[in-house]
Amino acid sequence: MGWFKLFIAVIVLYLGQSYYLLSSDHVEQFLADNNALTMNDPVAACDNYSDDVTVMINHHTPQGIWKFEGGKDELCGYMKQSQAALVVTQASTSGYFENMEVTTSFPWQKARASYDEISNVRMGALGSISSKTHEILSIKRTLTGLEIVSVDSTGGTKR
């Protein structure tokens, strides 16, 4: 009978941790931390994406529409290039989320996060670029935390 109580306790603990990890506040903090990591250490940020992540980005720029589709290798390569460009131009970045909505349900293994991200990149004498994008991410719970499974991003430069 003791093993049964232990088994029930482990299940309750696992579900409780899952509920916490996929709570709106925790997911928002995870995404904010991921954004900061992307700008400072893109190699480490790649660990926040599942090996089979799907990425679709469709952004409007002054030069036209920029589209990006791919998986983890393409995304991580893009993040490394972006971070290198920020270093070369001595740029500083800032950003925040608006309209964050996180949906999940029992047994709290997956979540969907939908939000607007406002970003500003300042490049000294080159000026600054502001953008607003709408992001939809699928996130899953793993044994070690959270992983991003899909990214769908639309929007672009603010005019």
# chains A, B, ... in the order shown; residues from 1 in each chain; ligands from 1
>>> residues_around(residues="Asp51 of chain A", least_positions_apart="5", cutoff="10 Å", atoms="only C-alpha atoms", output="MDAnalysis selection string")
chainID A and resid 46 71:73 147:149
>>> write_last_selection(atoms="all heavy atoms", output="mmCIF file, in the first residue's frame")
data_model
loop_
_atom_site.group_PDB
_atom_site.id
_atom_site.type_symbol
_atom_site.label_atom_id
_atom_site.label_comp_id
_atom_site.auth_asym_id
_atom_site.auth_seq_id
_atom_site.Cartn_x
_atom_site.Cartn_y
_atom_site.Cartn_z
ATOM 1 N N CYS A 46 19.289 28.460 -28.366
ATOM 2 C CA CYS A 46 18.847 27.348 -29.221
ATOM 3 C C CYS A 46 18.362 26.154 -28.405
ATOM 4 O O CYS A 46 17.537 25.377 -28.874
ATOM 5 C CB CYS A 46 19.971 26.915 -30.161
ATOM 6 S SG CYS A 46 20.186 28.048 -31.532
ATOM 7 N N GLY A 71 13.592 25.055 -39.725
ATOM 8 C CA GLY A 71 13.612 24.307 -38.480
ATOM 9 C C GLY A 71 14.672 24.853 -37.549
ATOM 10 O O GLY A 71 15.096 26.008 -37.660
ATOM 11 N N LYS A 72 15.131 24.011 -36.647
ATOM 12 C CA LYS A 72 16.064 24.448 -35.615
ATOM 13 C C LYS A 72 17.396 24.913 -36.196
ATOM 14 O O LYS A 72 17.928 25.939 -35.779
ATOM 15 C CB LYS A 72 16.285 23.324 -34.599
ATOM 16 C CG LYS A 72 17.122 23.756 -33.408
ATOM 17 C CD LYS A 72 17.136 22.704 -32.334
ATOM 18 C CE LYS A 72 17.889 23.199 -31.113
ATOM 19 N NZ LYS A 72 17.733 22.286 -29.980
ATOM 20 N N ASP A 73 17.942 24.180 -37.159
ATOM 21 C CA ASP A 73 19.238 24.570 -37.727
ATOM 22 C C ASP A 73 19.171 25.952 -38.363
ATOM 23 O O ASP A 73 20.052 26.786 -38.154
ATOM 24 C CB ASP A 73 19.711 23.539 -38.758
ATOM 25 C CG ASP A 73 20.103 22.220 -38.123
ATOM 26 O OD1 ASP A 73 20.371 22.186 -36.902
ATOM 27 O OD2 ASP A 73 20.137 21.209 -38.855
ATOM 28 N N GLU A 147 10.083 23.823 -23.762
ATOM 29 C CA GLU A 147 10.680 23.918 -25.090
ATOM 30 C C GLU A 147 9.675 24.529 -26.047
ATOM 31 O O GLU A 147 8.477 24.243 -25.964
ATOM 32 C CB GLU A 147 11.039 22.534 -25.641
ATOM 33 C CG GLU A 147 12.379 22.025 -25.288
ATOM 34 C CD GLU A 147 12.717 20.733 -26.016
ATOM 35 O OE1 GLU A 147 11.857 20.113 -26.654
ATOM 36 O OE2 GLU A 147 13.884 20.344 -25.923
ATOM 37 N N ILE A 148 10.165 25.345 -26.953
ATOM 38 C CA ILE A 148 9.322 25.933 -27.985
ATOM 39 C C ILE A 148 9.267 24.955 -29.151
ATOM 40 O O ILE A 148 10.301 24.515 -29.649
ATOM 41 C CB ILE A 148 9.876 27.301 -28.424
ATOM 42 C CG1 ILE A 148 9.903 28.250 -27.220
ATOM 43 C CG2 ILE A 148 9.056 27.873 -29.574
ATOM 44 C CD1 ILE A 148 10.669 29.533 -27.447
ATOM 45 N N VAL A 149 8.032 24.611 -29.573
ATOM 46 C CA VAL A 149 7.824 23.605 -30.609
ATOM 47 C C VAL A 149 7.513 24.246 -31.962
ATOM 48 O O VAL A 149 7.852 23.694 -32.996
ATOM 49 C CB VAL A 149 6.674 22.648 -30.225
ATOM 50 C CG1 VAL A 149 6.637 21.447 -31.138
ATOM 51 C CG2 VAL A 149 6.778 22.205 -28.791
#
>>> residues_around(residues="Gln90 of chain A", least_positions_apart="6", cutoff="10 Å", atoms="only C-alpha atoms", output="ChimeraX atom specification")
/A:84,122-124
>>> closest_residue(among="A:Val55, A:Leu22, A:Val88, A:Leu31", to="Val151 of chain A", atoms="only C-alpha atoms")
A:Val55
>>> select_by_dssp(residues="segment 16-78 of chain A", states="alpha helix (DSSP H)", output="JSON, numbers by chain")
{"A": [16, 17, 18, 19, 20, 21, 24, 25, 26, 27, 28, 29, 30, 31, 32, 33, 34, 35, 36, 37, 38, 39, 40, 42, 43, 44, 45, 72, 73, 74, 75, 76, 77, 78]}
>>> closest_residue(among="A:Gly2, A:Pro42, A:Gly156, A:Gly16", to="Leu75 of chain A", atoms="only C-alpha atoms")
A:Pro42
>>> select_by_dssp(residues="segment 115-149 of chain A", states="strand (DSSP E)", output="ChimeraX atom specification")
/A:115-122,128-142,145-149
>>> closest_residue(among="A:His26, A:Ser130, A:Phe68, A:Gln17", to="Thr154 of chain A", atoms="only C-alpha atoms")
A:Phe68
>>> closest_residue(among="A:Ala45, A:Met79, A:Ala111, A:Ile11", to="Asp33 of chain A", atoms="only C-alpha atoms")
A:Ala45
>>> closest_residue(among="A:Val27, A:Ala44, A:Ala91, A:Thr38", to="Ser138 of chain A", atoms="only C-alpha atoms")
A:Val27
